[in-house]
>>> print(open('final.cif').read())   # mmCIF, C-alpha atoms
data_query
#
loop_
_atom_site.label_atom_id
_atom_site.label_comp_id
_atom_site.auth_asym_id
_atom_site.auth_seq_id
_atom_site.Cartn_x
_atom_site.Cartn_y
_atom_site.Cartn_z
CA MET B 1 -49.34 -16.75 -0.46
CA ASN B 2 -51.98 -16.73 2.27
CA ASN B 3 -54.08 -13.69 3.08
CA ALA B 4 -51.96 -12.76 6.09
CA ASP B 5 -48.77 -12.70 4.00
CA LYS B 6 -50.33 -10.31 1.47
CA ILE B 7 -49.66 -7.48 3.91
CA TYR B 8 -46.00 -7.57 2.82
CA LYS B 9 -46.98 -6.57 -0.70
CA ILE B 10 -48.37 -3.21 0.39
CA ALA B 11 -45.33 -2.22 2.47
CA VAL B 12 -43.02 0.28 0.79
CA SER B 13 -40.49 -1.39 -1.48
CA GLY B 14 -37.44 -0.71 0.66
CA VAL B 15 -39.06 -2.18 3.75
CA GLN B 16 -40.19 -5.29 1.84
CA GLN B 17 -36.57 -6.27 1.26
CA LEU B 18 -35.24 -5.10 4.62
CA ILE B 19 -33.52 -7.58 6.94
CA PRO B 20 -33.79 -6.24 10.50
CA TYR B 21 -30.73 -5.53 12.60
CA THR B 22 -29.83 -8.52 14.76
CA PRO B 23 -28.78 -7.46 18.27
CA GLY B 24 -26.30 -9.38 20.38
CA LYS B 25 -27.75 -12.46 22.08
CA PRO B 26 -29.04 -11.51 25.55
CA ILE B 27 -27.96 -13.41 28.65
CA GLU B 28 -31.53 -14.48 29.42
CA GLU B 29 -31.91 -16.15 26.02
CA LEU B 30 -28.75 -18.21 26.49
CA GLU B 31 -29.90 -19.21 29.98
CA ARG B 32 -33.18 -20.48 28.51
CA GLU B 33 -31.52 -22.30 25.62
CA LEU B 34 -28.69 -24.05 27.44
CA GLY B 35 -29.63 -23.90 31.09
CA LEU B 36 -26.37 -22.17 31.99
CA THR B 37 -25.99 -20.03 35.09
CA GLN B 38 -22.51 -18.51 34.71
CA ILE B 39 -22.64 -16.40 31.57
CA ILE B 40 -20.50 -13.49 30.43
CA LYS B 41 -21.66 -11.20 27.67
CA LEU B 42 -18.94 -9.60 25.56
CA ALA B 43 -21.06 -9.05 22.47
CA SER B 44 -22.61 -5.58 22.48
CA ASN B 45 -19.82 -3.16 23.47
CA GLU B 46 -21.52 -2.35 26.76
CA ASN B 47 -19.69 -0.85 29.73
CA PRO B 48 -18.63 -3.69 32.05
CA LEU B 49 -18.71 -1.30 35.02
CA GLY B 50 -22.32 -0.34 34.37
CA PRO B 51 -23.63 3.18 35.09
CA GLY B 52 -21.85 5.44 37.55
CA LYS B 53 -23.05 6.32 41.04
CA LYS B 54 -24.15 9.80 40.00
CA ALA B 55 -26.31 8.47 37.18
CA LEU B 56 -27.88 5.88 39.47
CA ALA B 57 -28.61 8.53 42.09
CA ALA B 58 -30.25 10.74 39.46
CA ILE B 59 -32.45 7.85 38.34
CA GLN B 60 -33.51 7.18 41.91
CA ALA B 61 -34.34 10.84 42.48
CA THR B 62 -36.47 10.94 39.32
CA LEU B 63 -38.62 7.89 40.04
CA PRO B 64 -41.42 9.77 41.91
CA ASP B 65 -42.11 11.87 38.79
CA LEU B 66 -42.67 9.00 36.34
CA ALA B 67 -46.37 9.79 35.97
CA LEU B 68 -45.39 13.02 34.21
CA TYR B 69 -44.18 13.43 30.65
CA PRO B 70 -40.47 14.19 30.33
CA ASP B 71 -39.18 17.53 29.11
CA GLY B 72 -39.73 17.15 25.38
CA ASN B 73 -36.91 19.57 24.62
CA GLY B 74 -34.42 18.06 27.05
CA PHE B 75 -33.48 21.54 28.26
CA ASN B 76 -31.23 20.55 31.18
CA LEU B 77 -29.30 17.89 29.27
CA LYS B 78 -28.86 20.18 26.27
CA ARG B 79 -27.54 22.91 28.52
CA ALA B 80 -25.08 20.47 30.13
CA LEU B 81 -23.88 19.28 26.72
CA ALA B 82 -23.60 22.86 25.46
CA ASP B 83 -21.44 23.79 28.45
CA LYS B 84 -19.25 20.71 28.03
CA TYR B 85 -18.59 21.22 24.33
CA ALA B 86 -18.83 25.03 24.08
CA VAL B 87 -21.69 24.93 21.60
CA ASP B 88 -25.16 26.48 21.64
CA THR B 89 -28.16 24.45 22.72
CA SER B 90 -29.64 25.12 19.29
CA GLN B 91 -26.90 22.89 17.85
CA ILE B 92 -28.00 19.80 19.78
CA THR B 93 -30.47 17.08 18.82
CA LEU B 94 -31.34 14.44 21.42
CA GLY B 95 -32.11 10.90 20.31
CA ASN B 96 -33.26 7.54 21.60
CA GLY B 97 -29.64 6.47 21.44
CA SER B 98 -27.43 7.98 18.74
CA ASN B 99 -28.99 5.31 16.54
CA GLU B 100 -32.17 7.40 16.34
CA ILE B 101 -30.16 10.39 15.12
CA LEU B 102 -28.97 8.22 12.20
CA GLU B 103 -32.59 7.43 11.40
CA LEU B 104 -33.69 11.06 11.71
CA VAL B 105 -31.07 12.30 9.27
CA ALA B 106 -32.07 9.61 6.78
CA ARG B 107 -35.74 10.53 7.05
CA ALA B 108 -34.95 14.22 6.69
CA PHE B 109 -32.68 14.07 3.65
CA LEU B 110 -33.32 10.89 1.68
CA THR B 111 -35.89 9.84 -0.87
CA PRO B 112 -35.90 7.17 -3.59
CA GLY B 113 -33.40 8.13 -6.27
CA LEU B 114 -30.94 9.73 -3.86
CA GLU B 115 -27.75 8.07 -2.64
CA VAL B 116 -25.81 7.41 0.55
CA VAL B 117 -22.08 6.65 0.67
CA PHE B 118 -20.49 4.58 3.41
CA SER B 119 -17.64 2.12 3.78
CA GLN B 120 -17.47 -1.62 3.57
CA HIS B 121 -17.30 -3.12 7.10
CA ALA B 122 -19.09 -0.07 8.55
CA PHE B 123 -21.97 -0.05 11.05
CA ALA B 124 -24.92 -2.19 9.93
CA VAL B 125 -27.48 0.52 10.66
CA TYR B 126 -26.27 2.69 7.76
CA PRO B 127 -27.65 0.38 5.05
CA LEU B 128 -30.77 -0.26 7.13
CA VAL B 129 -31.82 3.39 7.40
CA THR B 130 -30.91 3.91 3.75
CA GLN B 131 -33.02 1.04 2.49
CA ALA B 132 -35.94 1.86 4.78
CA VAL B 133 -36.51 5.18 3.00
CA GLY B 134 -35.90 3.75 -0.47
CA ALA B 135 -32.57 5.48 -1.13
CA THR B 136 -29.57 3.82 -2.76
CA ALA B 137 -26.55 2.64 -0.77
CA VAL B 138 -23.14 3.13 -2.40
CA VAL B 139 -20.49 1.09 -0.57
CA ALA B 140 -16.82 2.03 -0.95
CA PRO B 141 -14.29 -0.79 -0.51
CA ALA B 142 -12.48 -0.72 2.83
CA LEU B 143 -8.78 0.02 3.25
CA ASN B 144 -7.04 -1.97 5.98
CA TYR B 145 -10.47 -2.78 7.39
CA GLY B 146 -11.28 0.92 7.71
CA HIS B 147 -12.57 3.83 5.65
CA ASP B 148 -10.81 4.65 2.39
CA LEU B 149 -11.64 8.35 2.25
CA ASP B 150 -10.34 8.81 -1.28
CA ALA B 151 -12.46 5.95 -2.55
CA MET B 152 -15.49 7.30 -0.70
CA LEU B 153 -15.04 10.78 -2.13
CA GLN B 154 -14.92 9.35 -5.64
CA GLN B 155 -18.33 7.80 -5.05
CA VAL B 156 -19.97 11.13 -4.20
CA THR B 157 -22.20 12.48 -6.99
CA TYR B 158 -24.96 15.06 -7.38
CA LYS B 159 -27.32 12.37 -6.07
CA THR B 160 -25.43 11.90 -2.80
CA ARG B 161 -27.22 13.41 0.18
CA LEU B 162 -25.51 11.60 3.06
CA VAL B 163 -22.09 10.18 3.85
CA PHE B 164 -21.75 8.02 6.95
CA ILE B 165 -18.37 7.72 8.67
CA ALA B 166 -17.88 5.80 11.92
CA ASN B 167 -14.79 6.95 13.80
CA PRO B 168 -13.75 4.73 15.54
CA ASN B 169 -15.41 2.28 13.23
CA ASN B 170 -17.70 -0.47 14.46
CA PRO B 171 -17.01 -3.38 14.17
CA THR B 172 -13.36 -3.05 13.13
CA GLY B 173 -12.19 -0.40 15.61
CA THR B 174 -10.14 1.52 13.03
CA LEU B 175 -9.56 5.24 13.48
CA LEU B 176 -8.99 7.88 10.83
CA ASN B 177 -6.27 10.48 10.63
CA HIS B 178 -7.55 13.81 11.94
CA ALA B 179 -6.24 15.95 9.08
CA ASP B 180 -7.38 13.51 6.40
CA LEU B 181 -10.86 13.36 7.85
CA GLU B 182 -11.24 17.13 8.04
CA ALA B 183 -10.01 17.47 4.46
CA PHE B 184 -12.56 14.89 3.35
CA ILE B 185 -15.41 16.77 5.02
CA GLY B 186 -14.24 20.00 3.44
CA ALA B 187 -14.18 18.40 0.00
CA LEU B 188 -17.84 17.34 0.13
CA PRO B 189 -20.36 19.44 -1.79
CA ASP B 190 -22.73 21.52 0.31
CA THR B 191 -25.58 19.36 -1.00
CA CYS B 192 -24.24 16.42 1.01
CA VAL B 193 -24.47 15.95 4.80
CA CYS B 194 -21.54 14.19 6.45
CA VAL B 195 -22.59 12.12 9.47
CA LEU B 196 -19.58 11.53 11.72
CA ASP B 197 -20.58 8.70 14.04
CA GLU B 198 -18.45 8.96 17.19
CA ALA B 199 -20.21 6.47 19.44
CA TYR B 200 -16.84 5.35 20.83
CA TYR B 201 -14.99 8.64 20.89
CA GLU B 202 -14.46 8.64 24.68
CA PHE B 203 -12.12 5.69 24.27
CA VAL B 204 -9.88 7.65 21.91
CA GLY B 205 -7.18 9.12 24.11
CA ASP B 206 -3.67 9.99 23.04
CA GLY B 207 -3.95 8.28 19.67
CA ARG B 208 -2.76 4.82 20.77
CA ILE B 209 -4.79 2.23 18.94
CA GLY B 210 -5.29 -1.26 20.26
CA SER B 211 -2.55 -2.85 22.32
CA LEU B 212 0.42 -4.97 21.29
CA PRO B 213 -0.89 -5.25 17.72
CA ILE B 214 0.35 -7.97 15.40
CA ALA B 215 -0.95 -6.11 12.39
CA THR B 216 0.94 -3.00 11.32
CA LEU B 217 -1.06 0.21 11.24
CA PRO B 218 -0.44 2.53 8.30
CA PRO B 219 0.53 6.10 9.30
CA SER B 220 -2.88 7.36 8.16
CA LEU B 221 -4.48 5.61 11.13
CA ALA B 222 -2.31 7.13 13.87
CA VAL B 223 -4.37 10.05 15.10
CA GLU B 224 -4.98 12.55 17.84
CA SER B 225 -8.07 12.84 20.01
CA ALA B 226 -11.47 12.80 18.31
CA ASP B 227 -12.55 15.74 20.51
CA ASN B 228 -11.22 18.11 17.87
CA SER B 229 -14.07 17.24 15.50
CA ILE B 230 -16.42 19.62 17.34
CA ALA B 231 -14.32 22.56 16.18
CA TRP B 232 -15.21 21.63 12.61
CA LEU B 233 -18.87 22.52 13.15
CA LYS B 234 -18.07 26.23 12.74
CA LYS B 235 -16.63 25.63 9.28
CA HIS B 236 -18.91 22.88 7.98
CA PRO B 237 -22.67 23.50 8.31
CA ASN B 238 -23.27 20.16 6.59
CA LEU B 239 -21.52 18.18 9.38
CA LEU B 240 -23.46 16.14 11.93
CA ILE B 241 -21.55 14.52 14.82
CA THR B 242 -23.39 11.76 16.68
CA ARG B 243 -22.44 10.50 20.14
CA THR B 244 -24.03 8.32 22.79
CA PHE B 245 -24.32 7.59 26.50
CA SER B 246 -24.61 3.86 25.78
CA LYS B 247 -20.93 2.99 25.73
CA ALA B 248 -18.48 4.82 28.00
CA TYR B 249 -21.24 6.14 30.27
CA GLY B 250 -22.89 2.75 30.78
CA LEU B 251 -26.46 3.81 29.98
CA ALA B 252 -27.22 1.50 27.04
CA GLY B 253 -30.47 0.31 28.63
CA LEU B 254 -31.85 3.85 28.80
CA ARG B 255 -31.23 4.57 25.11
CA ILE B 256 -30.01 8.14 24.94
CA GLY B 257 -27.65 9.84 22.51
CA TYR B 258 -27.23 13.16 20.77
CA GLY B 259 -26.20 14.96 17.64
CA LEU B 260 -24.06 18.09 17.35
CA SER B 261 -24.38 20.21 14.23
CA SER B 262 -25.15 23.66 12.89
CA PRO B 263 -28.37 25.17 14.31
CA GLN B 264 -29.96 24.87 10.89
CA LEU B 265 -29.22 21.16 10.57
CA ALA B 266 -30.39 20.54 14.15
CA ASP B 267 -33.61 22.40 13.36
CA ILE B 268 -34.28 20.08 10.43
CA LEU B 269 -33.68 16.99 12.56
CA ASN B 270 -35.91 18.27 15.33
CA ARG B 271 -38.74 18.70 12.81
CA VAL B 272 -38.85 14.93 12.24
CA ARG B 273 -37.99 13.93 15.81
CA GLN B 274 -40.90 12.42 17.72
CA PRO B 275 -42.21 14.30 20.79
CA PHE B 276 -40.86 12.94 24.09
CA ASN B 277 -38.40 10.63 22.36
CA ASN B 278 -36.19 10.63 25.48
CA ASN B 279 -37.62 9.27 28.69
CA MET B 280 -37.31 11.08 32.00
CA LEU B 281 -34.86 8.60 33.56
CA ALA B 282 -32.55 8.77 30.55
CA LEU B 283 -32.47 12.57 30.56
CA ALA B 284 -31.66 12.73 34.27
CA ALA B 285 -29.07 9.95 34.16
CA ALA B 286 -27.28 11.38 31.14
CA GLU B 287 -27.05 14.84 32.69
CA ALA B 288 -25.59 13.38 35.87
CA ALA B 289 -23.21 11.11 33.96
CA LEU B 290 -21.60 14.12 32.31
CA THR B 291 -20.43 15.27 35.75
CA ASP B 292 -19.03 11.89 36.81
CA ALA B 293 -15.42 12.23 35.67
CA GLU B 294 -14.25 9.51 38.06
CA HIS B 295 -16.52 6.87 36.55
CA LEU B 296 -15.51 7.83 33.02
CA GLN B 297 -11.81 7.66 33.93
CA ASN B 298 -12.30 4.26 35.55
CA THR B 299 -14.11 3.03 32.46
CA ILE B 300 -11.31 4.15 30.17
CA ALA B 301 -8.67 2.62 32.44
CA VAL B 302 -10.47 -0.73 32.64
CA ASN B 303 -10.83 -0.71 28.87
CA ALA B 304 -7.14 0.04 28.27
CA GLN B 305 -6.03 -2.66 30.70
CA GLY B 306 -8.48 -5.16 29.29
CA MET B 307 -7.49 -4.41 25.71
CA SER B 308 -3.85 -5.08 26.57
CA PHE B 309 -4.73 -8.29 28.40
CA ILE B 310 -6.97 -9.71 25.68
CA THR B 311 -4.66 -8.85 22.79
CA GLU B 312 -1.72 -10.34 24.67
CA GLY B 313 -3.88 -13.44 25.01
CA PHE B 314 -4.49 -13.43 21.26
CA LYS B 315 -0.76 -13.21 20.73
CA ASN B 316 -0.16 -16.20 22.98
CA LEU B 317 -2.75 -18.16 21.01
CA GLY B 318 -1.09 -17.25 17.71
CA LEU B 319 -4.04 -15.15 16.58
CA GLU B 320 -4.07 -11.81 14.78
CA TRP B 321 -6.43 -8.95 15.47
CA ILE B 322 -7.34 -5.55 14.09
CA PRO B 323 -5.92 -2.80 16.35
CA SER B 324 -8.91 -1.05 17.88
CA ALA B 325 -9.58 2.44 19.23
CA GLY B 326 -12.92 1.38 20.75
CA ASN B 327 -13.97 -0.79 23.67
CA PHE B 328 -13.93 -3.94 21.54
CA VAL B 329 -11.50 -5.81 19.33
CA LEU B 330 -11.92 -7.92 16.21
CA VAL B 331 -9.92 -11.17 16.20
CA ASP B 332 -9.06 -13.06 13.02
CA LEU B 333 -9.51 -16.81 13.53
CA LYS B 334 -8.27 -17.75 10.05
CA GLN B 335 -11.26 -20.09 9.77
CA PRO B 336 -15.05 -19.73 9.76
CA ALA B 337 -15.92 -18.00 13.01
CA LEU B 338 -19.51 -19.16 13.44
CA PRO B 339 -18.67 -22.66 14.79
CA ILE B 340 -16.28 -21.11 17.30
CA TYR B 341 -18.90 -18.56 18.30
CA GLU B 342 -21.39 -21.36 18.89
CA ALA B 343 -18.86 -23.39 20.88
CA LEU B 344 -18.19 -20.36 23.07
CA LEU B 345 -21.93 -19.99 23.65
CA ARG B 346 -22.04 -23.53 25.01
CA LYS B 347 -19.38 -22.47 27.49
CA GLY B 348 -21.43 -19.48 28.57
CA VAL B 349 -19.44 -16.84 26.67
CA ILE B 350 -21.36 -14.52 24.34
CA VAL B 351 -19.29 -12.70 21.71
CA ARG B 352 -20.29 -11.28 18.33
CA PRO B 353 -19.91 -12.97 14.92
CA VAL B 354 -19.53 -10.42 12.13
CA GLY B 355 -20.26 -12.36 8.99
CA VAL B 356 -22.94 -9.78 8.14
CA TYR B 357 -20.07 -7.29 7.82
CA GLU B 358 -18.31 -9.51 5.24
CA LEU B 359 -15.87 -10.71 7.92
CA PRO B 360 -16.81 -14.39 8.28
CA ASN B 361 -13.51 -15.38 9.93
CA HIS B 362 -13.64 -12.75 12.66
CA LEU B 363 -15.28 -12.41 16.06
CA ARG B 364 -15.83 -9.08 17.81
CA ILE B 365 -15.00 -9.14 21.50
CA THR B 366 -16.17 -6.42 23.89
CA ILE B 367 -13.59 -5.58 26.54
CA GLY B 368 -14.98 -6.72 29.90
CA THR B 369 -13.83 -6.83 33.49
CA GLN B 370 -10.59 -8.62 34.29
CA GLU B 371 -12.52 -11.71 35.38
CA GLU B 372 -14.65 -11.69 32.23
CA ASN B 373 -11.60 -11.26 30.01
CA GLN B 374 -9.87 -14.18 31.72
CA LEU B 375 -12.90 -16.44 31.35
CA PHE B 376 -13.21 -15.53 27.68
CA LEU B 377 -9.57 -16.29 26.87
CA GLN B 378 -9.75 -19.56 28.78
CA ALA B 379 -12.88 -20.59 26.88
CA LEU B 380 -11.38 -19.53 23.55
CA ALA B 381 -8.21 -21.53 24.20
CA GLU B 382 -10.29 -24.59 25.05
CA VAL B 383 -12.42 -24.26 21.94
CA LEU B 384 -9.42 -23.77 19.65
CA SER B 385 -7.74 -26.81 21.18
CA GLY B 386 -10.82 -28.92 20.49
CA ASN B 387 -12.14 -28.98 24.03
CA VAL B 388 -15.73 -28.02 23.20
#
>>> encode(input="final.cif", output="structure tokens")
Amino acid sequence: MNNADKIYKIAVSGVQQLIPYTPGKPIEELERELGLTQIIKLASNENPLGPGKKALAAIQATLPDLALYPDGNGFNLKRALADKYAVDTSQITLGNGSNEILELVARAFLTPGLEVVFSQHAFAVYPLVTQAVGATAVVAPALNYGHDLDAMLQQVTYKTRLVFIANPNNPTGTLLNHADLEAFIGALPDTCVCVLDEAYYEFVGDGRIGSLPIATLPPSLAVESADNSIAWLKKHPNLLITRTFSKAYGLAGLRIGYGLSSPQLADILNRVRQPFNNNMLALAAAEAALTDAEHLQNTIAVNAQGMSFITEGFKNLGLEWIPSAGNFVLVDLKQPALPIYEALLRKGVIVRPVGVYELPNHLRITIGTQEENQLFLQALAEVLSGNV
């Protein structure tokens, strides 16, 4: 070991073993690697419509003030969120994406020797934030690619401080039954915080999951709207709901999300939150986005139409998929997915391999525009037929 490498030895033990999160391949990187000019990115569950007109106008109006620090408390955005969800501003924590809220709750409640429970095939950030603070991850086996709440509850002990639940789940798109989920939260001890990650909740409408599914959904996955989870905050002071402006609102590049909880839990999170963690443009754009119902409705409509189109394409190709309640769908290729992913890259199509989620035969596809969806299916058909 050379002198420079010795720095690793003095990092905290959890960080020494940590493997950083790998984001989806950016368009610019693929352009550099392969010299392609026509590239579609369906890898990171971004909004294919981009931000709405109101958000863009708010960004433009804010530009002259960039020499000033933003409002460190996010007063206007908190007030807008409080009005939308009928909560108090004291119940809101703003984050640099909802991802930061996940990190804040880990920093606030975990130490070495304590445990975190989450599901197999759940969001990769859960083990990352757990390991970074030296806590122990307890992974419950998945049920039908989603959360097995009974199995998760059995894993909860006096050492458990956090339970992470993604609903809809990323990367599988599964959605939990409303009554079952509330019962699970109610069964947790008051020494355990339940983090309900609802990054994709806007795409959950009338309970329809996926489109034209080959796989059969068990009754426990047919649910009503995720909006109802906010009502649980009054009964469960140990509940934290996280949401984001990155997906349905098209503001992923500005990195802004939020947590909804009891005032006491929000107070704890705000104690470890960094000052000015939300930039001025993000605060203004997010506030404006909340008022842009037309853009949100268009986004949901494009997603529903695209989901139907892509899954019908899977059906025509003889492929199975996991019915999804998000803006993405996981397709089962019945063979190692990485070579197909790489072949799609050479055709200028970026999707997401999910081997890190113990799903080596699956690819996750973000729903794009109609043109993007068509190009993806055409490229996939060519690759599967050997035309690489």
>>> resolve_selection(input="final.cif", expression="the PyMOL selection byres ((chain B and resi 69) around 10)", output="PyMOL selection string")
chain B and resi 65-68+70-72+276+278-280
>>> residues_around(input="final.cif", residues="Cys194 (chain B)", least_positions_apart="2", cutoff="6 Å", atoms="only C-alpha atoms", output="ChimeraX atom specification")
/B:162-163,239
>>> residues_around(input="final.cif", residues="Met307 (chain B)", least_positions_apart="5", cutoff="12 Å", atoms="all atoms listed in the file", output="ChimeraX atom specification")
/B:173,203,208-213,300-302,312-314,321-331,365-370,373-374
>>> atom_distance(input="final.cif", atom1="CA of Gly257 (chain B)", atom2="CA of Pro141 (chain B)")
28.7 Å
>>> resolve_selection(input="final.cif", expression="the PyMOL selection byres ((chain B and resi 376-381) around 8)", output="ChimeraX atom specification")
/B:310,313,317,344,347,349,372-375,382-385
>>> residues_around(input="final.cif", residues="region 258-274 of chain B", least_positions_apart="3", cutoff="7 Å", atoms="all atoms listed in the file", output="ChimeraX atom specification")
/B:90-95,98,101,104-105,108,233,237,239-244,277
>>> resolve_selection(input="final.cif", expression="the PyMOL selection byres ((chain B and resi 57-64) around 12)", output="compact mmCIF listing (two decimals) with C-alpha atoms, keeping the file's coordinate frame")
# COMPACT_ATOMS: atom_id res chain seq x y z
CA PRO B 51 -23.63 3.18 35.09
CA GLY B 52 -21.85 5.44 37.55
CA LYS B 53 -23.05 6.32 41.04
CA LYS B 54 -24.15 9.80 40.00
CA ALA B 55 -26.31 8.47 37.18
CA LEU B 56 -27.88 5.88 39.47
CA ASP B 65 -42.11 11.87 38.79
CA LEU B 66 -42.67 9.00 36.34
CA ALA B 67 -46.37 9.79 35.97
CA LEU B 68 -45.39 13.02 34.21
CA TYR B 69 -44.18 13.43 30.65
CA PRO B 70 -40.47 14.19 30.33
CA LEU B 251 -26.46 3.81 29.98
CA LEU B 254 -31.85 3.85 28.80
CA ASN B 279 -37.62 9.27 28.69
CA MET B 280 -37.31 11.08 32.00
CA LEU B 281 -34.86 8.60 33.56
CA ALA B 282 -32.55 8.77 30.55
CA LEU B 283 -32.47 12.57 30.56
CA ALA B 284 -31.66 12.73 34.27
CA ALA B 285 -29.07 9.95 34.16
CA ALA B 286 -27.28 11.38 31.14
CA GLU B 287 -27.05 14.84 32.69
CA ALA B 288 -25.59 13.38 35.87
CA ALA B 289 -23.21 11.11 33.96
CA LEU B 290 -21.60 14.12 32.31
CA THR B 291 -20.43 15.27 35.75
CA ASP B 292 -19.03 11.89 36.81
>>> closest_residue(input="final.cif", among="B:Val156, B:Asn238, B:Leu114, B:Arg364", to="Leu338 (chain B)", atoms="only C-alpha atoms")
B:Arg364
>>> atom_distance(input="final.cif", atom1="CA of Gln297 (chain B)", atom2="CA of Ser44 (chain B)")
20.6 Å
>>> atom_distance(input="final.cif", atom1="CA of Val195 (chain B)", atom2="CA of Val356 (chain B)")
21.9 Å
>>> build_atoms(input="final.cif", residues="region 250-261 of chain B", atoms="N, CA and C atoms", output="compact mmCIF listing (two decimals), in the coordinates of the input")
# COMPACT_ATOMS: atom_id res chain seq x y z
N GLY B 250 -22.19 3.89 30.21
CA GLY B 250 -22.89 2.75 30.78
C GLY B 250 -24.39 2.87 30.86
N LEU B 251 -25.01 3.59 29.93
CA LEU B 251 -26.46 3.81 29.98
C LEU B 251 -27.18 3.19 28.77
N ALA B 252 -26.65 2.09 28.25
CA ALA B 252 -27.22 1.50 27.04
C ALA B 252 -28.70 1.16 27.21
N GLY B 253 -29.09 0.71 28.40
CA GLY B 253 -30.47 0.31 28.63
C GLY B 253 -31.46 1.46 28.64
N LEU B 254 -30.96 2.68 28.79
CA LEU B 254 -31.85 3.85 28.80
C LEU B 254 -31.99 4.49 27.43
N ARG B 255 -31.14 4.12 26.49
CA ARG B 255 -31.23 4.57 25.11
C ARG B 255 -31.25 6.09 25.00
N ILE B 256 -30.08 6.69 25.12
CA ILE B 256 -30.01 8.14 24.94
C ILE B 256 -28.69 8.50 24.27
N GLY B 257 -28.80 9.34 23.24
CA GLY B 257 -27.65 9.84 22.51
C GLY B 257 -27.94 11.23 22.01
N TYR B 258 -27.03 11.79 21.22
CA TYR B 258 -27.23 13.16 20.77
C TYR B 258 -26.45 13.43 19.49
N GLY B 259 -26.90 14.47 18.81
CA GLY B 259 -26.20 14.96 17.64
C GLY B 259 -25.76 16.39 17.85
N LEU B 260 -24.59 16.73 17.32
CA LEU B 260 -24.06 18.09 17.35
C LEU B 260 -23.90 18.55 15.91
N SER B 261 -24.40 19.74 15.61
CA SER B 261 -24.38 20.21 14.23
C SER B 261 -24.56 21.72 14.20
